[in-house]
Amino acid sequence: MANYEEKIASCVDEFEKLLREQLARAQAMREGAQPSAHEGKTVIGIIGGDGIGPIIVGSARAVLEELLSEKIANGTVELRAIEGLTIENRERQGKAVPDDVLAAIKECDVLLKGPTATPKGGSMESANVTLRRELDLYANVRPVSIPEEGVDWTFFRENTEGEYVLGSKGVEIPGELAFDFKVTTDAGTRRIARAAFEFARKNGKKSVAIVTKANIMKKTDGNFSRIAGEIAREYPEIGVEDWYIDIMTANLVNPDIRSKFEVFLLPNLYGDIITDEAAQLQGGVGTAGSANTGDRYAMFEAIHGTAPRMLEQGLGDYANPASILRATQMMLAHIGCTAEAKRLGDAMDTVKLTVTGDKDGASCAAYTEELLRILR
Ligand code: IPM
Ligand code: MG
């Protein structure tokens with residue numbers, strides 16, 4: 001049998017380092033947010049991303065220029081293009097988010113971001129995950145609605161820890177075994193739970209479903225479920241239910257009960273998976289927006305990825321901008337432009353053109369033109 005003593009020792013060292021880093025992160029979380037950088041002005045950073053990203057973000061930018069024209073003219077809003085968050089530049093610099101790009105991003109208040117490519121395997125972390133962590137965007141909020149069925153869901157996915165925080169820092173003994181780590185902090189769970197319950201309270205929702213796999217992941221999900229339950233007691237008017245993720249994925253496709261759910265509160269990976277399922281039920285991942293919010297910054301994006309297959313097949317121009325436009329609507333509401341957010345949502349509901357992602361549907365440009373015509 002091979003002698004792995006040295007390798008075991010180095011894995012243990014590695015684990016100790018991670019444990020100390022994560023403990024420091026948990027403790028720092030209690031220190032709170034920094035104040036906003038810009039008095040009386042909102043800087044919206046616009047990031048094209050990869051694949052179909054620049055195409056759909058171009059649509060969103062044109063819509064913002066139209067809706068916010070006055071605010072842009074009087075200097076209360078700035079649209080600022082952020083360059084360099086492309087897979088080519090990231091690979092060249094060997095960084096998920098190059099330092100100069102991150103610095104430029106931190107000069108903004110909110111971000112509208114196209115999808116960014118994530119290399120499979122290797123050690124490069126996803127740009128999304130890096131940005132969510134660097135900007136401390138702990139709440140991933142994803143609304144999904146199917147009005148004709150009375151479905152109106154809002155998912156609160158923990159966005160900075162769980163399976164993601166050390167996803168690129170696992171340890172392995174090649175040829176034998178591999179370990180990844182899942183980390184749940186008490187402070188991190190409390191803040192996402194509070195975000196979900198506050199949302200429920202402010203929006204007159206009657207119940208929150210806490211969704212975990214606490215029967216199996218006893219420490220991390222066990223704590224998540226317990227702490228979320230403690231926070232729930234501060235909101236006695238809101239019903240709380242504890243569910244396991246497997247049956248919840250079934251519930252979402254069960255027409256008899258799915259409309260009774262309102263707000264979902266989940267750890268990171270389950271939230272990632274179930275929100276794609278939910279978006280598909282609404283009409284496809286091309287239709288759902290996503291907000292990543294923290295106490296200082298917020299980033300709004302499409303729920304889907306870069307769609308490399310569409311580009312390979314020459315279908316980039318047919319990409320559906322609906323998802324990034326729904327994200328734009330959420331961003332407008334977030335920065336206090338509620339009237340503009342409503343105008344955009346209403347206009348999207350009015351457009352007759354259908355974008356299918358293929359040549360049988362409208363192109364992104366044609367859809368955008370039609371939307372702008374309605375908005376003008
Ligand atoms: C999402 C995406 C990301 C995630 C990827 C691109 C890293 O799937 O926003 O849901 O896994 O969170
Ligand atoms: Mg996802």
# chains A, B, ... in the order shown; residues from 1 in each chain; ligands from 1
call {"tool": "residues_around", "arguments": {"residues": "range 91-106 of chain A", "least_positions_apart": "2", "cutoff": "6 Å", "atoms": "only C-alpha atoms", "output": "list in words"}}
result
Ile87, Glu88, Asn89, Cys108, Glu125 and Ala127 of chain A
call {"tool": "write_last_selection", "arguments": {"atoms": "N, CA and C atoms", "output": "JSON list (two decimals), in the first residue's frame"}}
result
[["chain", "number", "residue", "atom", "x", "y", "z"],
["A", 87, "ILE", "N", -13.49, 36.09, -20.42],
["A", 87, "ILE", "CA", -12.74, 34.87, -20.14],
["A", 87, "ILE", "C", -11.32, 34.98, -20.69],
["A", 88, "GLU", "N", -11.15, 35.69, -21.84],
["A", 88, "GLU", "CA", -9.81, 35.85, -22.41],
["A", 88, "GLU", "C", -8.91, 36.62, -21.44],
["A", 89, "ASN", "N", -9.38, 37.74, -20.97],
["A", 89, "ASN", "CA", -8.56, 38.56, -20.06],
["A", 89, "ASN", "C", -8.35, 37.86, -18.72],
["A", 108, "CYS", "N", -18.33, 51.36, -8.24],
["A", 108, "CYS", "CA", -19.74, 51.49, -8.62],
["A", 108, "CYS", "C", -20.62, 51.23, -7.39],
["A", 125, "GLU", "N", -11.55, 30.02, -10.17],
["A", 125, "GLU", "CA", -12.88, 30.13, -9.59],
["A", 125, "GLU", "C", -13.80, 30.87, -10.56],
["A", 127, "ALA", "N", -16.15, 33.72, -11.91],
["A", 127, "ALA", "CA", -16.17, 35.17, -11.66],
["A", 127, "ALA", "C", -17.37, 35.54, -10.79]]
call {"tool": "residues_around", "arguments": {"residues": "Thr42 in chain A", "least_positions_apart": "3", "cutoff": "8 Å", "atoms": "only C-alpha atoms", "output": "PDB file with N, CA and C atoms, in the first residue's frame"}}
result
ATOM      1  N   HIS A  38     -21.016  57.097  -3.153  1.00  0.00           N
ATOM      2  CA  HIS A  38     -21.376  58.284  -3.924  1.00  0.00           C
ATOM      3  C   HIS A  38     -22.608  58.966  -3.348  1.00  0.00           C
ATOM      4  N   THR A  76     -27.591  62.368 -11.829  1.00  0.00           N
ATOM      5  CA  THR A  76     -27.900  61.587 -10.625  1.00  0.00           C
ATOM      6  C   THR A  76     -27.688  60.090 -10.861  1.00  0.00           C
ATOM      7  N   VAL A  77     -27.600  59.705 -12.136  1.00  0.00           N
ATOM      8  CA  VAL A  77     -27.280  58.317 -12.469  1.00  0.00           C
ATOM      9  C   VAL A  77     -26.161  58.315 -13.507  1.00  0.00           C
ATOM     10  N   GLU A  78     -25.207  57.429 -13.318  1.00  0.00           N
ATOM     11  CA  GLU A  78     -24.171  57.259 -14.350  1.00  0.00           C
ATOM     12  C   GLU A  78     -24.155  55.808 -14.795  1.00  0.00           C
ATOM     13  N   CYS A 108     -18.330  51.363  -8.235  1.00  0.00           N
ATOM     14  CA  CYS A 108     -19.744  51.492  -8.617  1.00  0.00           C
ATOM     15  C   CYS A 108     -20.623  51.232  -7.389  1.00  0.00           C
ATOM     16  N   ASP A 109     -21.919  51.533  -7.530  1.00  0.00           N
ATOM     17  CA  ASP A 109     -22.866  51.220  -6.453  1.00  0.00           C
ATOM     18  C   ASP A 109     -23.593  49.917  -6.739  1.00  0.00           C
ATOM     19  N   VAL A 110     -24.061  49.799  -7.968  1.00  0.00           N
ATOM     20  CA  VAL A 110     -24.742  48.563  -8.374  1.00  0.00           C
ATOM     21  C   VAL A 110     -24.170  48.124  -9.710  1.00  0.00           C
ATOM     22  N   ILE A 335     -32.634  50.580  -6.797  1.00  0.00           N
ATOM     23  CA  ILE A 335     -32.035  51.922  -6.649  1.00  0.00           C
ATOM     24  C   ILE A 335     -33.113  53.011  -6.477  1.00  0.00           C
TER      25      ILE A 335
END
call {"tool": "residues_near_ligand", "arguments": {"ligand": "ligand 2", "cutoff": "10 Å", "atoms": "only C-alpha atoms and all ligand atoms", "output": "PyMOL selection string"}}
result
chain A and resi 268-277+285+290+302-305
call {"tool": "closest_residue", "arguments": {"among": "A:Pro54, A:Gly167, A:Gly40, A:Pro255", "to": "ligand 1", "atoms": "only C-alpha atoms and all ligand atoms"}}
result
A:Gly167
call {"tool": "residues_around", "arguments": {"residues": "range 361-369 of chain A", "least_positions_apart": "3", "cutoff": "8 Å", "atoms": "only C-alpha atoms", "output": "list in words"}}
result
Ile55, Ile56, Ser59, Val63, Asp317, Tyr318, Ala319, Asn320, Pro321, Val351, Leu353, Thr354, Val355, Thr356, Gly357, Asp358, Leu372 and Arg373 of chain A
call {"tool": "write_last_selection", "arguments": {"atoms": "N, CA and C atoms", "output": "PDB file, in the first residue's frame"}}
result
ATOM      1  N   ILE A  55     -24.420  40.674 -26.031  1.00  0.00           N
ATOM      2  CA  ILE A  55     -25.602  40.899 -26.883  1.00  0.00           C
ATOM      3  C   ILE A  55     -26.807  41.285 -26.014  1.00  0.00           C
ATOM      4  N   ILE A  56     -27.073  40.489 -24.975  1.00  0.00           N
ATOM      5  CA  ILE A  56     -28.257  40.777 -24.150  1.00  0.00           C
ATOM      6  C   ILE A  56     -28.036  42.002 -23.252  1.00  0.00           C
ATOM      7  N   SER A  59     -28.830  45.132 -25.035  1.00  0.00           N
ATOM      8  CA  SER A  59     -30.258  45.406 -25.014  1.00  0.00           C
ATOM      9  C   SER A  59     -30.639  46.129 -23.722  1.00  0.00           C
ATOM     10  N   VAL A  63     -32.146  50.041 -23.018  1.00  0.00           N
ATOM     11  CA  VAL A  63     -33.370  50.267 -22.250  1.00  0.00           C
ATOM     12  C   VAL A  63     -33.102  51.234 -21.087  1.00  0.00           C
ATOM     13  N   ASP A 317     -27.391  36.197 -32.130  1.00  0.00           N
ATOM     14  CA  ASP A 317     -28.305  37.334 -32.319  1.00  0.00           C
ATOM     15  C   ASP A 317     -29.731  37.012 -31.895  1.00  0.00           C
ATOM     16  N   TYR A 318     -30.000  35.722 -31.695  1.00  0.00           N
ATOM     17  CA  TYR A 318     -31.353  35.314 -31.303  1.00  0.00           C
ATOM     18  C   TYR A 318     -31.469  35.066 -29.799  1.00  0.00           C
ATOM     19  N   ALA A 319     -30.427  35.423 -29.069  1.00  0.00           N
ATOM     20  CA  ALA A 319     -30.455  35.236 -27.605  1.00  0.00           C
ATOM     21  C   ALA A 319     -31.591  36.063 -27.009  1.00  0.00           C
ATOM     22  N   ASN A 320     -32.220  35.512 -25.991  1.00  0.00           N
ATOM     23  CA  ASN A 320     -33.358  36.179 -25.364  1.00  0.00           C
ATOM     24  C   ASN A 320     -32.874  37.147 -24.279  1.00  0.00           C
ATOM     25  N   PRO A 321     -33.155  38.447 -24.421  1.00  0.00           N
ATOM     26  CA  PRO A 321     -32.704  39.396 -23.394  1.00  0.00           C
ATOM     27  C   PRO A 321     -33.640  39.455 -22.182  1.00  0.00           C
ATOM     28  N   VAL A 351     -45.032  43.477 -25.084  1.00  0.00           N
ATOM     29  CA  VAL A 351     -44.386  43.122 -26.364  1.00  0.00           C
ATOM     30  C   VAL A 351     -45.004  41.844 -26.916  1.00  0.00           C
ATOM     31  N   LEU A 353     -43.716  40.273 -29.690  1.00  0.00           N
ATOM     32  CA  LEU A 353     -42.703  39.412 -30.313  1.00  0.00           C
ATOM     33  C   LEU A 353     -42.250  38.317 -29.354  1.00  0.00           C
ATOM     34  N   THR A 354     -42.009  37.130 -29.877  1.00  0.00           N
ATOM     35  CA  THR A 354     -41.493  36.050 -29.039  1.00  0.00           C
ATOM     36  C   THR A 354     -40.061  35.729 -29.454  1.00  0.00           C
ATOM     37  N   VAL A 355     -39.185  35.683 -28.472  1.00  0.00           N
ATOM     38  CA  VAL A 355     -37.802  35.293 -28.726  1.00  0.00           C
ATOM     39  C   VAL A 355     -37.678  33.840 -28.296  1.00  0.00           C
ATOM     40  N   THR A 356     -37.278  32.978 -29.216  1.00  0.00           N
ATOM     41  CA  THR A 356     -37.223  31.546 -28.874  1.00  0.00           C
ATOM     42  C   THR A 356     -35.787  31.068 -28.685  1.00  0.00           C
ATOM     43  N   GLY A 357     -34.817  31.934 -29.024  1.00  0.00           N
ATOM     44  CA  GLY A 357     -33.423  31.481 -28.979  1.00  0.00           C
ATOM     45  C   GLY A 357     -33.031  30.809 -30.284  1.00  0.00           C
ATOM     46  N   ASP A 358     -33.948  30.812 -31.247  1.00  0.00           N
ATOM     47  CA  ASP A 358     -33.671  30.191 -32.547  1.00  0.00           C
ATOM     48  C   ASP A 358     -34.214  31.105 -33.656  1.00  0.00           C
ATOM     49  N   LEU A 372     -38.319  49.357 -26.943  1.00  0.00           N
ATOM     50  CA  LEU A 372     -37.990  50.786 -26.899  1.00  0.00           C
ATOM     51  C   LEU A 372     -39.132  51.611 -27.511  1.00  0.00           C
ATOM     52  N   ARG A 373     -39.735  51.073 -28.553  1.00  0.00           N
ATOM     53  CA  ARG A 373     -40.847  51.789 -29.195  1.00  0.00           C
ATOM     54  C   ARG A 373     -41.984  51.967 -28.175  1.00  0.00           C
TER      55      ARG A 373
END
call {"tool": "residues_around", "arguments": {"residues": "Gly316 in chain A", "least_positions_apart": "5", "cutoff": "6 Å", "atoms": "only C-alpha atoms", "output": "tab-separated table (two decimals) with N, CA, C and O atoms, in the first residue's frame"}}
result
chain	number	residue	atom	x	y	z
A	52	ILE	N	-23.17	35.02	-25.08
A	52	ILE	CA	-24.29	35.88	-25.47
A	52	ILE	C	-24.38	37.12	-24.57
A	52	ILE	O	-25.21	38.00	-24.81
A	310	MET	N	-25.18	28.31	-28.41
A	310	MET	CA	-25.89	29.23	-29.31
A	310	MET	C	-24.91	29.94	-30.23
A	310	MET	O	-25.16	30.11	-31.42
A	311	LEU	N	-23.76	30.35	-29.65
A	311	LEU	CA	-22.78	31.05	-30.49
A	311	LEU	C	-22.18	30.10	-31.52
A	311	LEU	O	-22.02	30.47	-32.68
call {"tool": "atom_distance", "arguments": {"atom1": "CA of Glu5 in chain A", "atom2": "CA of Gly170 in chain A"}}
result
18.2 Å
call {"tool": "residues_around", "arguments": {"residues": "range 9-24 of chain A", "least_positions_apart": "5", "cutoff": "12 Å", "atoms": "only C-alpha atoms", "output": "VMD selection string"}}
result
chain A and resid 3 to 4 29 to 31 160 to 162 165 to 174 177 to 188
call {"tool": "closest_residue", "arguments": {"among": "A:Gln27, A:Phe264, A:Gly294, A:Val141", "to": "Met248 in chain A", "atoms": "only C-alpha atoms"}}
result
A:Phe264
call {"tool": "atom_distance", "arguments": {"atom1": "atom 6 (C, counted along the ligand's line) of ligand 1", "atom2": "CA of Phe156 in chain A"}}
result
16.9 Å
call {"tool": "atom_distance", "arguments": {"atom1": "CA of Leu375 in chain A", "atom2": "CA of Leu332 in chain A"}}
result
14.9 Å
call {"tool": "residues_around", "arguments": {"residues": "Pro308 in chain A", "least_positions_apart": "5", "cutoff": "12 Å", "atoms": "only C-alpha atoms", "output": "ChimeraX atom specification"}}
result
/A:50-53,115-118,313-316,319
call {"tool": "write_last_selection", "arguments": {"atoms": "N, CA, C and O atoms", "output": "PDB file, in the first residue's frame"}}
result
ATOM      1  N   ASP A  50     -19.390  37.150 -21.158  1.00  0.00           N
ATOM      2  CA  ASP A  50     -18.929  36.283 -22.256  1.00  0.00           C
ATOM      3  C   ASP A  50     -20.121  35.731 -23.042  1.00  0.00           C
ATOM      4  O   ASP A  50     -21.267  35.812 -22.608  1.00  0.00           O
ATOM      5  N   GLY A  51     -19.800  35.095 -24.163  1.00  0.00           N
ATOM      6  CA  GLY A  51     -20.821  34.412 -24.961  1.00  0.00           C
ATOM      7  C   GLY A  51     -21.921  35.368 -25.392  1.00  0.00           C
ATOM      8  O   GLY A  51     -21.647  36.443 -25.930  1.00  0.00           O
ATOM      9  N   ILE A  52     -23.167  35.017 -25.079  1.00  0.00           N
ATOM     10  CA  ILE A  52     -24.290  35.885 -25.470  1.00  0.00           C
ATOM     11  C   ILE A  52     -24.380  37.121 -24.571  1.00  0.00           C
ATOM     12  O   ILE A  52     -25.209  38.001 -24.812  1.00  0.00           O
ATOM     13  N   GLY A  53     -23.528  37.194 -23.540  1.00  0.00           N
ATOM     14  CA  GLY A  53     -23.590  38.289 -22.563  1.00  0.00           C
ATOM     15  C   GLY A  53     -23.641  39.670 -23.199  1.00  0.00           C
ATOM     16  O   GLY A  53     -24.601  40.430 -22.987  1.00  0.00           O
ATOM     17  N   PRO A 115     -23.692  37.114 -18.299  1.00  0.00           N
ATOM     18  CA  PRO A 115     -23.104  35.860 -17.821  1.00  0.00           C
ATOM     19  C   PRO A 115     -21.609  35.792 -18.150  1.00  0.00           C
ATOM     20  O   PRO A 115     -21.170  36.313 -19.176  1.00  0.00           O
ATOM     21  N   THR A 116     -20.858  35.157 -17.266  1.00  0.00           N
ATOM     22  CA  THR A 116     -19.411  35.004 -17.477  1.00  0.00           C
ATOM     23  C   THR A 116     -19.080  33.513 -17.505  1.00  0.00           C
ATOM     24  O   THR A 116     -19.659  32.742 -16.748  1.00  0.00           O
ATOM     25  N   ALA A 117     -18.168  33.137 -18.387  1.00  0.00           N
ATOM     26  CA  ALA A 117     -17.823  31.722 -18.538  1.00  0.00           C
ATOM     27  C   ALA A 117     -17.080  31.222 -17.304  1.00  0.00           C
ATOM     28  O   ALA A 117     -16.260  31.935 -16.724  1.00  0.00           O
ATOM     29  N   THR A 118     -17.405  30.001 -16.894  1.00  0.00           N
ATOM     30  CA  THR A 118     -16.709  29.378 -15.764  1.00  0.00           C
ATOM     31  C   THR A 118     -15.985  28.132 -16.268  1.00  0.00           C
ATOM     32  O   THR A 118     -16.635  27.178 -16.688  1.00  0.00           O
ATOM     33  N   GLN A 313     -23.550  27.714 -32.953  1.00  0.00           N
ATOM     34  CA  GLN A 313     -24.517  27.492 -34.033  1.00  0.00           C
ATOM     35  C   GLN A 313     -24.906  28.785 -34.748  1.00  0.00           C
ATOM     36  O   GLN A 313     -25.854  28.802 -35.537  1.00  0.00           O
ATOM     37  N   GLY A 314     -24.192  29.866 -34.444  1.00  0.00           N
ATOM     38  CA  GLY A 314     -24.477  31.141 -35.111  1.00  0.00           C
ATOM     39  C   GLY A 314     -25.807  31.754 -34.692  1.00  0.00           C
ATOM     40  O   GLY A 314     -26.422  32.504 -35.450  1.00  0.00           O
ATOM     41  N   LEU A 315     -26.256  31.445 -33.472  1.00  0.00           N
ATOM     42  CA  LEU A 315     -27.572  31.927 -33.041  1.00  0.00           C
ATOM     43  C   LEU A 315     -27.496  33.054 -32.004  1.00  0.00           C
ATOM     44  O   LEU A 315     -28.497  33.412 -31.398  1.00  0.00           O
ATOM     45  N   GLY A 316     -26.284  33.604 -31.812  1.00  0.00           N
ATOM     46  CA  GLY A 316     -26.094  34.643 -30.791  1.00  0.00           C
ATOM     47  C   GLY A 316     -27.107  35.776 -30.897  1.00  0.00           C
ATOM     48  O   GLY A 316     -27.637  36.246 -29.892  1.00  0.00           O
ATOM     49  N   ALA A 319     -30.427  35.423 -29.069  1.00  0.00           N
ATOM     50  CA  ALA A 319     -30.455  35.236 -27.605  1.00  0.00           C
ATOM     51  C   ALA A 319     -31.591  36.063 -27.009  1.00  0.00           C
ATOM     52  O   ALA A 319     -31.863  37.178 -27.454  1.00  0.00           O
TER      53      ALA A 319
END
call {"tool": "closest_residue", "arguments": {"among": "A:Gly239, A:Gly150, A:Pro119, A:Gly229", "to": "ligand 1", "atoms": "only C-alpha atoms and all ligand atoms"}}
result
A:Pro119
call {"tool": "select_by_dssp", "arguments": {"residues": "range 174-274 of chain A", "states": "alpha helix (DSSP H)", "output": "MDAnalysis selection string"}}
result
chainID A and resid 186:202 220:232 245:252 268:274
call {"tool": "residues_around", "arguments": {"residues": "Arg201 in chain A", "least_positions_apart": "6", "cutoff": "9 Å", "atoms": "only C-alpha atoms", "output": "list in words"}}
result
Tyr235, Glu237 and Ile238 of chain A
call {"tool": "write_last_selection", "arguments": {"atoms": "C-alpha atoms", "output": "compact mmCIF listing (two decimals), in the first residue's frame"}}
result
# COMPACT_ATOMS: atom_id res chain seq x y z
CA TYR A 235 -41.80 37.07 12.69
CA GLU A 237 -47.22 36.56 11.75
CA ILE A 238 -45.37 34.54 9.09
call {"tool": "select_by_dssp", "arguments": {"residues": "range 54-274 of chain A", "states": "strand (DSSP E)", "output": "MDAnalysis selection string"}}
result
chainID A and resid 77:81 110:113 139:146 151:158 171:173 177:179 207:212 239:244 263:266
